[in-house]
file upload.cif (mmCIF, C-alpha atoms)
data_input
#
loop_
_atom_site.group_PDB
_atom_site.id
_atom_site.type_symbol
_atom_site.label_atom_id
_atom_site.label_comp_id
_atom_site.auth_asym_id
_atom_site.auth_seq_id
_atom_site.Cartn_x
_atom_site.Cartn_y
_atom_site.Cartn_z
ATOM 1 C CA MET A 162 -97.539 -74.216 -81.262
ATOM 2 C CA LYS A 163 -101.203 -73.365 -80.841
ATOM 3 C CA LEU A 164 -102.016 -70.089 -82.581
ATOM 4 C CA PHE A 165 -104.921 -67.690 -83.145
ATOM 5 C CA ASP A 166 -105.109 -65.908 -86.507
ATOM 6 C CA SER A 167 -106.609 -62.595 -85.432
ATOM 7 C CA HIS A 168 -107.425 -61.309 -88.933
ATOM 8 C CA ALA A 169 -108.280 -63.412 -91.978
ATOM 9 C CA HIS A 170 -110.544 -62.841 -94.973
ATOM 10 C CA LEU A 171 -112.026 -66.295 -95.518
ATOM 11 C CA THR A 172 -114.218 -65.546 -98.506
ATOM 12 C CA LYS A 173 -115.669 -67.714 -101.234
ATOM 13 C CA ALA A 174 -114.480 -65.079 -103.697
ATOM 14 C CA THR A 175 -110.898 -66.120 -102.905
ATOM 15 C CA TYR A 176 -111.098 -69.739 -101.774
ATOM 16 C CA GLY A 177 -114.267 -70.920 -103.526
ATOM 17 C CA ASP A 178 -115.551 -74.189 -102.113
ATOM 18 C CA ALA A 179 -112.205 -74.808 -100.389
ATOM 19 C CA VAL A 180 -112.882 -72.587 -97.352
ATOM 20 C CA GLY A 181 -113.516 -75.678 -95.224
ATOM 21 C CA ALA A 182 -110.246 -77.228 -96.390
ATOM 22 C CA VAL A 183 -108.405 -73.981 -95.562
ATOM 23 C CA ILE A 184 -109.786 -74.118 -92.019
ATOM 24 C CA GLU A 185 -108.788 -77.789 -91.716
ATOM 25 C CA ARG A 186 -105.229 -77.067 -92.905
ATOM 26 C CA ALA A 187 -104.984 -74.268 -90.364
ATOM 27 C CA ALA A 188 -105.997 -76.570 -87.518
ATOM 28 C CA ALA A 189 -103.514 -79.218 -88.686
ATOM 29 C CA ALA A 190 -100.751 -76.576 -88.618
ATOM 30 C CA GLY A 191 -101.683 -75.488 -85.086
ATOM 31 C CA VAL A 192 -103.712 -72.400 -86.018
ATOM 32 C CA GLU A 193 -106.708 -73.567 -84.051
ATOM 33 C CA THR A 194 -108.730 -70.347 -83.864
ATOM 34 C CA ILE A 195 -109.437 -67.719 -86.530
ATOM 35 C CA THR A 196 -111.314 -64.447 -86.783
ATOM 36 C CA THR A 197 -112.712 -63.827 -90.251
ATOM 37 C CA ILE A 198 -113.129 -60.169 -91.153
ATOM 38 C CA GLY A 199 -116.399 -59.224 -92.830
ATOM 39 C CA SER A 200 -115.438 -55.921 -94.401
ATOM 40 C CA LEU A 201 -114.422 -56.288 -98.017
ATOM 41 C CA GLY A 202 -116.799 -53.705 -99.387
ATOM 42 C CA SER A 203 -120.298 -55.127 -99.264
ATOM 43 C CA LEU A 204 -122.966 -56.075 -96.772
ATOM 44 C CA GLU A 205 -122.878 -59.536 -98.335
ATOM 45 C CA ALA A 206 -119.286 -59.874 -97.094
ATOM 46 C CA CYS A 207 -120.464 -59.105 -93.571
ATOM 47 C CA GLN A 208 -123.208 -61.716 -93.823
ATOM 48 C CA GLU A 209 -120.764 -64.269 -95.230
ATOM 49 C CA ALA A 210 -118.391 -63.766 -92.290
ATOM 50 C CA VAL A 211 -121.182 -64.100 -89.732
ATOM 51 C CA ASP A 212 -122.548 -67.237 -91.393
ATOM 52 C CA LEU A 213 -119.112 -68.844 -91.628
ATOM 53 C CA ALA A 214 -118.310 -68.109 -87.985
ATOM 54 C CA GLY A 215 -121.639 -69.608 -86.992
ATOM 55 C CA ALA A 216 -120.726 -72.853 -88.731
ATOM 56 C CA TYR A 217 -117.427 -73.468 -86.879
ATOM 57 C CA THR A 218 -116.797 -73.591 -83.135
ATOM 58 C CA ASN A 219 -113.338 -72.001 -83.315
ATOM 59 C CA LEU A 220 -114.174 -69.343 -85.889
ATOM 60 C CA TRP A 221 -115.216 -65.806 -84.970
ATOM 61 C CA ALA A 222 -116.218 -62.762 -87.011
ATOM 62 C CA THR A 223 -116.083 -58.993 -87.264
ATOM 63 C CA VAL A 224 -118.266 -56.710 -89.377
ATOM 64 C CA GLY A 225 -117.563 -53.347 -90.980
ATOM 65 C CA ILE A 226 -116.694 -51.592 -94.224
ATOM 66 C CA HIS A 227 -113.091 -51.290 -95.430
ATOM 67 C CA PRO A 228 -111.931 -47.675 -96.006
ATOM 68 C CA HIS A 229 -111.533 -48.441 -99.716
ATOM 69 C CA HIS A 230 -115.320 -48.616 -99.837
ATOM 70 C CA ALA A 231 -116.191 -45.835 -97.397
ATOM 71 C CA GLU A 232 -118.054 -44.011 -100.146
ATOM 72 C CA ARG A 233 -120.555 -46.881 -100.305
ATOM 73 C CA CYS A 234 -121.294 -46.749 -96.592
ATOM 74 C CA ASP A 235 -124.806 -45.319 -96.369
ATOM 75 C CA GLU A 236 -127.341 -45.323 -93.521
ATOM 76 C CA GLN A 237 -128.562 -48.789 -94.424
ATOM 77 C CA ALA A 238 -125.027 -50.150 -94.173
ATOM 78 C CA PHE A 239 -124.573 -48.774 -90.661
ATOM 79 C CA GLN A 240 -127.941 -50.197 -89.601
ATOM 80 C CA VAL A 241 -127.227 -53.661 -90.995
ATOM 81 C CA ILE A 242 -123.739 -53.764 -89.487
ATOM 82 C CA GLU A 243 -125.022 -52.659 -86.087
ATOM 83 C CA ALA A 244 -127.647 -55.421 -86.217
ATOM 84 C CA HIS A 245 -124.937 -58.004 -87.006
ATOM 85 C CA CYS A 246 -123.073 -56.916 -83.875
ATOM 86 C CA ALA A 247 -125.754 -58.595 -81.756
ATOM 87 C CA HIS A 248 -124.680 -62.011 -83.088
ATOM 88 C CA ALA A 249 -122.805 -64.051 -80.482
ATOM 89 C CA LYS A 250 -119.925 -64.836 -82.855
ATOM 90 C CA VAL A 251 -119.306 -61.181 -83.843
ATOM 91 C CA ARG A 252 -116.549 -59.852 -81.592
ATOM 92 C CA ALA A 253 -115.374 -56.555 -83.118
ATOM 93 C CA VAL A 254 -116.288 -53.755 -85.522
ATOM 94 C CA GLY A 255 -114.212 -53.465 -88.660
ATOM 95 C CA GLU A 256 -112.077 -53.375 -90.318
ATOM 96 C CA THR A 257 -112.463 -49.652 -90.567
ATOM 97 C CA GLY A 258 -109.934 -46.835 -90.699
ATOM 98 C CA LEU A 259 -108.024 -44.869 -93.317
ATOM 99 C CA ASP A 260 -106.107 -45.701 -96.484
ATOM 100 C CA PHE A 261 -104.409 -42.688 -98.055
ATOM 101 C CA HIS A 262 -102.272 -44.834 -100.369
ATOM 102 C CA TYR A 263 -104.866 -46.042 -102.859
ATOM 103 C CA MET A 264 -107.431 -43.304 -102.111
ATOM 104 C CA LYS A 265 -110.341 -45.361 -103.417
ATOM 105 C CA SER A 266 -112.658 -43.154 -101.353
ATOM 106 C CA PRO A 267 -112.114 -39.428 -100.655
ATOM 107 C CA LYS A 268 -110.183 -38.549 -97.495
ATOM 108 C CA ALA A 269 -113.075 -36.638 -95.961
ATOM 109 C CA THR A 270 -115.436 -39.561 -96.531
ATOM 110 C CA GLN A 271 -112.993 -42.049 -95.048
ATOM 111 C CA ILE A 272 -112.563 -39.892 -91.950
ATOM 112 C CA GLU A 273 -116.312 -39.423 -91.514
ATOM 113 C CA VAL A 274 -117.051 -43.140 -91.877
ATOM 114 C CA PHE A 275 -114.183 -44.089 -89.549
ATOM 115 C CA ALA A 276 -115.553 -41.754 -86.874
ATOM 116 C CA ARG A 277 -119.037 -43.180 -87.272
ATOM 117 C CA PHE A 278 -117.765 -46.730 -86.877
ATOM 118 C CA ILE A 279 -116.031 -45.756 -83.633
ATOM 119 C CA ASP A 280 -119.343 -44.328 -82.426
ATOM 120 C CA LEU A 281 -121.110 -47.530 -83.462
ATOM 121 C CA ALA A 282 -118.509 -49.608 -81.604
ATOM 122 C CA LYS A 283 -119.194 -47.606 -78.457
ATOM 123 C CA ARG A 284 -122.922 -48.300 -78.730
ATOM 124 C CA VAL A 285 -122.465 -52.041 -79.180
ATOM 125 C CA ARG A 286 -119.495 -52.190 -76.786
ATOM 126 C CA LEU A 287 -117.110 -53.961 -79.119
ATOM 127 C CA PRO A 288 -113.473 -53.126 -79.963
ATOM 128 C CA ILE A 289 -112.479 -51.825 -83.390
ATOM 129 C CA ILE A 290 -110.183 -53.265 -86.050
ATOM 130 C CA VAL A 291 -108.214 -50.379 -87.557
ATOM 131 C CA HIS A 292 -106.736 -50.258 -91.057
ATOM 132 C CA ASN A 293 -104.048 -47.578 -91.340
ATOM 133 C CA ARG A 294 -102.015 -47.001 -94.492
ATOM 134 C CA GLU A 295 -100.047 -43.813 -95.083
ATOM 135 C CA SER A 296 -102.414 -42.022 -92.709
ATOM 136 C CA ASP A 297 -100.709 -42.081 -89.300
ATOM 137 C CA GLY A 298 -101.480 -38.491 -88.301
ATOM 138 C CA ALA A 299 -105.098 -38.514 -89.436
ATOM 139 C CA CYS A 300 -105.674 -41.949 -87.932
ATOM 140 C CA LEU A 301 -104.409 -40.849 -84.519
ATOM 141 C CA GLU A 302 -106.436 -37.645 -84.712
ATOM 142 C CA VAL A 303 -109.660 -39.587 -85.296
ATOM 143 C CA LEU A 304 -108.883 -42.161 -82.606
ATOM 144 C CA ARG A 305 -108.261 -39.397 -80.085
ATOM 145 C CA SER A 306 -111.073 -37.041 -81.070
ATOM 146 C CA GLU A 307 -113.614 -39.865 -81.039
ATOM 147 C CA ALA A 308 -112.319 -41.255 -77.709
ATOM 148 C CA ALA A 309 -111.660 -44.667 -79.225
ATOM 149 C CA HIS A 310 -109.878 -45.674 -76.016
ATOM 150 C CA GLU A 311 -113.339 -46.197 -74.522
ATOM 151 C CA VAL A 312 -113.771 -49.383 -76.555
ATOM 152 C CA GLY A 313 -110.166 -50.157 -77.463
ATOM 153 C CA GLY A 314 -108.996 -51.838 -80.599
ATOM 154 C CA VAL A 315 -106.087 -53.098 -82.641
ATOM 155 C CA ILE A 316 -103.989 -51.560 -85.399
ATOM 156 C CA HIS A 317 -104.087 -54.512 -87.745
ATOM 157 C CA CYS A 318 -101.302 -55.448 -90.168
ATOM 158 C CA PHE A 319 -99.050 -52.879 -88.528
ATOM 159 C CA SER A 320 -96.588 -51.483 -91.074
ATOM 160 C CA THR A 321 -95.335 -48.141 -89.849
ATOM 161 C CA SER A 322 -93.002 -46.647 -87.232
ATOM 162 C CA TRP A 323 -92.276 -47.082 -83.545
ATOM 163 C CA SER A 324 -93.555 -43.532 -83.039
ATOM 164 C CA MET A 325 -96.961 -44.573 -84.367
ATOM 165 C CA ALA A 326 -96.936 -47.809 -82.392
ATOM 166 C CA SER A 327 -96.069 -46.072 -79.132
ATOM 167 C CA GLN A 328 -98.842 -43.498 -79.569
ATOM 168 C CA CYS A 329 -101.362 -46.253 -80.286
ATOM 169 C CA LEU A 330 -100.166 -48.145 -77.230
ATOM 170 C CA ASP A 331 -100.628 -44.973 -75.175
ATOM 171 C CA ILE A 332 -104.344 -44.951 -75.989
ATOM 172 C CA GLY A 333 -104.705 -48.604 -75.066
ATOM 173 C CA PHE A 334 -104.594 -50.251 -78.475
ATOM 174 C CA MET A 335 -103.125 -53.602 -79.438
ATOM 175 C CA ILE A 336 -100.624 -54.001 -82.280
ATOM 176 C CA SER A 337 -100.981 -56.875 -84.748
ATOM 177 C CA PHE A 338 -98.282 -58.021 -87.154
ATOM 178 C CA SER A 339 -98.721 -59.924 -90.408
ATOM 179 C CA GLY A 340 -96.466 -61.887 -92.735
ATOM 180 C CA MET A 341 -94.746 -58.598 -93.597
ATOM 181 C CA LEU A 342 -92.653 -59.281 -90.498
ATOM 182 C CA THR A 343 -90.829 -62.009 -92.450
ATOM 183 C CA PHE A 344 -90.000 -59.881 -95.499
ATOM 184 C CA LYS A 345 -86.316 -59.269 -96.202
ATOM 185 C CA GLY A 346 -86.652 -55.478 -96.179
ATOM 186 C CA ALA A 347 -88.738 -55.294 -92.999
ATOM 187 C CA GLN A 348 -85.937 -54.773 -90.463
ATOM 188 C CA GLU A 349 -87.507 -51.578 -89.083
ATOM 189 C CA LEU A 350 -90.805 -53.410 -88.613
ATOM 190 C CA ARG A 351 -89.023 -56.219 -86.758
ATOM 191 C CA GLU A 352 -87.467 -53.611 -84.473
ATOM 192 C CA VAL A 353 -90.946 -52.278 -83.697
ATOM 193 C CA ALA A 354 -92.149 -55.822 -82.972
ATOM 194 C CA GLN A 355 -89.273 -56.230 -80.539
ATOM 195 C CA LYS A 356 -90.332 -53.123 -78.583
ATOM 196 C CA VAL A 357 -94.098 -53.624 -78.288
ATOM 197 C CA PRO A 358 -94.974 -54.931 -74.803
ATOM 198 C CA LEU A 359 -95.611 -58.659 -74.981
ATOM 199 C CA GLU A 360 -99.141 -58.385 -73.596
ATOM 200 C CA ARG A 361 -100.114 -55.966 -76.397
ATOM 201 C CA LEU A 362 -99.056 -58.162 -79.337
ATOM 202 C CA MET A 363 -101.268 -60.064 -81.769
ATOM 203 C CA LEU A 364 -100.547 -61.956 -85.003
ATOM 204 C CA GLU A 365 -102.547 -62.288 -88.201
ATOM 205 C CA THR A 366 -102.346 -63.449 -91.774
ATOM 206 C CA ASP A 367 -104.575 -60.807 -93.410
ATOM 207 C CA CYS A 368 -105.092 -63.637 -95.876
ATOM 208 C CA PRO A 369 -105.369 -63.994 -98.782
ATOM 209 C CA TYR A 370 -102.814 -61.161 -98.835
ATOM 210 C CA LEU A 371 -99.216 -60.895 -97.578
ATOM 211 C CA ALA A 372 -98.127 -64.523 -97.474
ATOM 212 C CA PRO A 373 -94.983 -64.802 -95.337
ATOM 213 C CA THR A 374 -91.564 -65.745 -96.644
ATOM 214 C CA PRO A 375 -90.926 -68.343 -98.150
ATOM 215 C CA HIS A 376 -94.476 -68.290 -99.546
ATOM 216 C CA ARG A 377 -94.447 -64.632 -100.579
ATOM 217 C CA GLY A 378 -96.463 -63.973 -103.719
ATOM 218 C CA LYS A 379 -98.751 -66.964 -103.193
ATOM 219 C CA THR A 380 -102.302 -66.940 -101.877
ATOM 220 C CA ASN A 381 -102.011 -66.644 -98.117
ATOM 221 C CA GLU A 382 -104.035 -68.723 -95.651
ATOM 222 C CA PRO A 383 -104.096 -69.172 -91.850
ATOM 223 C CA ALA A 384 -101.879 -72.282 -91.861
ATOM 224 C CA LEU A 385 -98.987 -70.143 -93.089
ATOM 225 C CA MET A 386 -99.069 -67.927 -89.997
ATOM 226 C CA VAL A 387 -96.707 -70.415 -88.368
ATOM 227 C CA GLN A 388 -93.852 -68.799 -90.342
ATOM 228 C CA THR A 389 -94.714 -65.369 -88.953
ATOM 229 C CA ALA A 390 -94.898 -66.738 -85.421
ATOM 230 C CA LEU A 391 -91.457 -68.311 -85.770
ATOM 231 C CA GLN A 392 -90.057 -65.002 -87.037
ATOM 232 C CA LEU A 393 -91.592 -63.103 -84.117
ATOM 233 C CA ALA A 394 -90.232 -65.666 -81.659
ATOM 234 C CA GLN A 395 -86.752 -65.087 -83.080
ATOM 235 C CA VAL A 396 -87.185 -61.308 -82.870
ATOM 236 C CA ARG A 397 -88.351 -61.529 -79.262
ATOM 237 C CA GLY A 398 -85.806 -64.164 -78.212
ATOM 238 C CA MET A 399 -88.549 -66.494 -77.009
ATOM 239 C CA ALA A 400 -89.368 -70.158 -77.421
ATOM 240 C CA PRO A 401 -92.061 -70.430 -80.111
ATOM 241 C CA ASP A 402 -94.461 -72.388 -77.900
ATOM 242 C CA ALA A 403 -94.167 -69.856 -75.073
ATOM 243 C CA LEU A 404 -94.768 -66.957 -77.445
ATOM 244 C CA ALA A 405 -97.737 -68.697 -79.062
ATOM 245 C CA GLU A 406 -99.343 -69.200 -75.661
ATOM 246 C CA VAL A 407 -99.095 -65.491 -74.863
ATOM 247 C CA LEU A 408 -100.305 -64.397 -78.309
ATOM 248 C CA THR A 409 -103.325 -66.688 -78.115
ATOM 249 C CA ALA A 410 -104.190 -65.420 -74.637
ATOM 250 C CA ASN A 411 -103.841 -61.807 -75.824
ATOM 251 C CA THR A 412 -106.102 -62.390 -78.818
ATOM 252 C CA LYS A 413 -108.751 -64.236 -76.850
ATOM 253 C CA ARG A 414 -108.768 -61.439 -74.296
ATOM 254 C CA PHE A 415 -109.104 -58.846 -77.038
ATOM 255 C CA TYR A 416 -112.073 -60.622 -78.610
ATOM 256 C CA GLY A 417 -113.673 -61.511 -75.283
ATOM 257 C CA ILE A 418 -113.384 -65.250 -75.867
ATOM 258 C CA GLU A 419 -113.249 -67.578 -72.873
#

call {"tool": "encode", "arguments": {"input": "upload.cif", "output": "structure tokens"}}
result
Amino acid sequence: MKLFDSHAHLTKATYGDAVGAVIERAAAAGVETITTIGSLGSLEACQEAVDLAGAYTNLWATVGIHPHHAERCDEQAFQVIEAHCAHAKVRAVGETGLDFHYMKSPKATQIEVFARFIDLAKRVRLPIIVHNRESDGACLEVLRSEAAHEVGGVIHCFSTSWSMASQCLDIGFMISFSGMLTFKGAQELREVAQKVPLERLMLETDCPYLAPTPHRGKTNEPALMVQTALQLAQVRGMAPDALAEVLTANTKRFYGIE
């Protein structure tokens, strides 16, 4: 299988000096292409993602501010992130969105920042990476009111219902699944993954989080996405290689990669 990890957080804070080794292990496992997400709460994280993507041919980047840190997102942050979007290896804005589970930033602030990132994405003509946790209704309201369909995007690490998935599909969004798909209690999520049209599917690790079974609880990394791909192939009733080919094509199309 040749796979594309659509959403990884390859940071020195997690992997230290082993980031290069993590990328090498991914390639050896068949995860040949990775997008590293520059959005873990600081402008330094954005710069780190851009620099790392610039150092590897098959590594790409996104830039944004995670909803946990929406309260920190001032005018300077928007300006710096918009400037990063001109870099050839930056292929999306985000992750952005809403997280009403941890509530590390006030709801109103999260919604305002999310809307502004959609507006930014329109200006730079890049898709958006959407984080949605316990915020389905508000997330859909912002996506619709801000006409996010004009740039498109993906609901990353999808973890909710078929109702939410179908409404996101209706506005042209992709759906990306993580290692959660392999968890014992995730039968409803597997049923959603079975229903999403094949051409709208993507896979991710969201590493270092959410390592798939049988690695659950360990530090995740792109090489482990193979387990998630095998689970999705079983759910879809497809040969793993055939599924991987479609997923890679979908993800390259989403990120505008030849």

call {"tool": "resolve_selection", "arguments": {"input": "upload.cif", "expression": "the PyMOL selection byres ((chain A and resi 388-400) around 10)", "output": "ChimeraX atom specification"}}
result
/A:162,164,338-344,351-357,359,363-366,372-376,384-387,401-405,408

call {"tool": "residues_around", "arguments": {"input": "upload.cif", "residues": "Lys250 in chain A", "least_positions_apart": "4", "cutoff": "7 Å", "atoms": "all atoms listed in the file", "output": "list in words"}}
result
Ala214, Gly215, Trp221 and Ala222 of chain A

call {"tool": "residues_around", "arguments": {"input": "upload.cif", "residues": "His229 in chain A", "least_positions_apart": "6", "cutoff": "9 Å", "atoms": "only C-alpha atoms", "output": "VMD selection string"}}
result
chain A and resid 201 to 202 259 to 260 263 to 266 271

call {"tool": "write_last_selection", "arguments": {"input": "upload.cif", "atoms": "C-alpha atoms", "output": "tab-separated table (two decimals), in the coordinates of the input"}}
result
chain	number	residue	atom	x	y	z
A	201	LEU	CA	-114.42	-56.29	-98.02
A	202	GLY	CA	-116.80	-53.70	-99.39
A	259	LEU	CA	-108.02	-44.87	-93.32
A	260	ASP	CA	-106.11	-45.70	-96.48
A	263	TYR	CA	-104.87	-46.04	-102.86
A	264	MET	CA	-107.43	-43.30	-102.11
A	265	LYS	CA	-110.34	-45.36	-103.42
A	266	SER	CA	-112.66	-43.15	-101.35
A	271	GLN	CA	-112.99	-42.05	-95.05

call {"tool": "resolve_selection", "arguments": {"input": "upload.cif", "expression": "the PyMOL selection byres ((chain A and resi 208) around 10)", "output": "MDAnalysis selection string"}}
result
chainID A and resid 199:200 203:207 209:214 222 224 241:242 245

call {"tool": "closest_residue", "arguments": {"input": "upload.cif", "among": "A:Pro369, A:Pro288, A:Pro228, A:Gly313", "to": "Val183 in chain A", "atoms": "all atoms listed in the file"}}
result
A:Pro369

call {"tool": "closest_residue", "arguments": {"input": "upload.cif", "among": "A:Gln348, A:Ser327, A:Ser167, A:Thr257", "to": "Glu273 in chain A", "atoms": "all atoms listed in the file"}}
result
A:Thr257

call {"tool": "closest_residue", "arguments": {"input": "upload.cif", "among": "A:Val315, A:Glu302, A:Asn411, A:Glu185", "to": "Tyr217 in chain A", "atoms": "all atoms listed in the file"}}
result
A:Glu185

call {"tool": "residues_around", "arguments": {"input": "upload.cif", "residues": "Arg277 in chain A", "least_positions_apart": "2", "cutoff": "12 Å", "atoms": "all atoms listed in the file", "output": "PyMOL selection string"}}
result
chain A and resi 225-226+231+234-236+238-240+242-243+254-255+257-258+270-275+279-284+289+303-304+306-309

call {"tool": "atom_distance", "arguments": {"input": "upload.cif", "atom1": "CA of Ile184 in chain A", "atom2": "CA of Ala244 in chain A"}}
result
26.5 Å

call {"tool": "residues_near_point", "arguments": {"input": "upload.cif", "point": "(-114.8, -63.5, -79.6)", "cutoff": "6 Å", "atoms": "only C-alpha atoms", "output": "PyMOL selection string"}}
result
chain A and resi 221+252+416-418

call {"tool": "atom_distance", "arguments": {"input": "upload.cif", "atom1": "CA of Ala169 in chain A", "atom2": "CA of Ala182 in chain A"}}
result
14.6 Å

call {"tool": "closest_residue", "arguments": {"input": "upload.cif", "among": "A:Glu419, A:Tyr370, A:Arg361, A:Ala410", "to": "Thr175 in chain A", "atoms": "all atoms listed in the file"}}
result
A:Tyr370

call {"tool": "closest_residue", "arguments": {"input": "upload.cif", "among": "A:Arg414, A:Tyr176, A:Val285, A:Pro267", "to": "His248 in chain A", "atoms": "all atoms listed in the file"}}
result
A:Val285

call {"tool": "atom_distance", "arguments": {"input": "upload.cif", "atom1": "CA of Asp367 in chain A", "atom2": "CA of Asn381 in chain A"}}
result
7.9 Å

call {"tool": "closest_residue", "arguments": {"input": "upload.cif", "among": "A:Ile198, A:Val312, A:Leu362, A:Leu371", "to": "Leu330 in chain A", "atoms": "all atoms listed in the file"}}
result
A:Leu362

call {"tool": "axis_aligned_box", "arguments": {"input": "upload.cif", "around": "range 185-202 of chain A", "padding_each_side": "4 Å", "output": "AutoDock Vina command-line options"}}
result
--center_x -108.8 --center_y -66.5 --center_z -91.6 --size_x 24.0 --size_y 33.5 --size_z 23.5
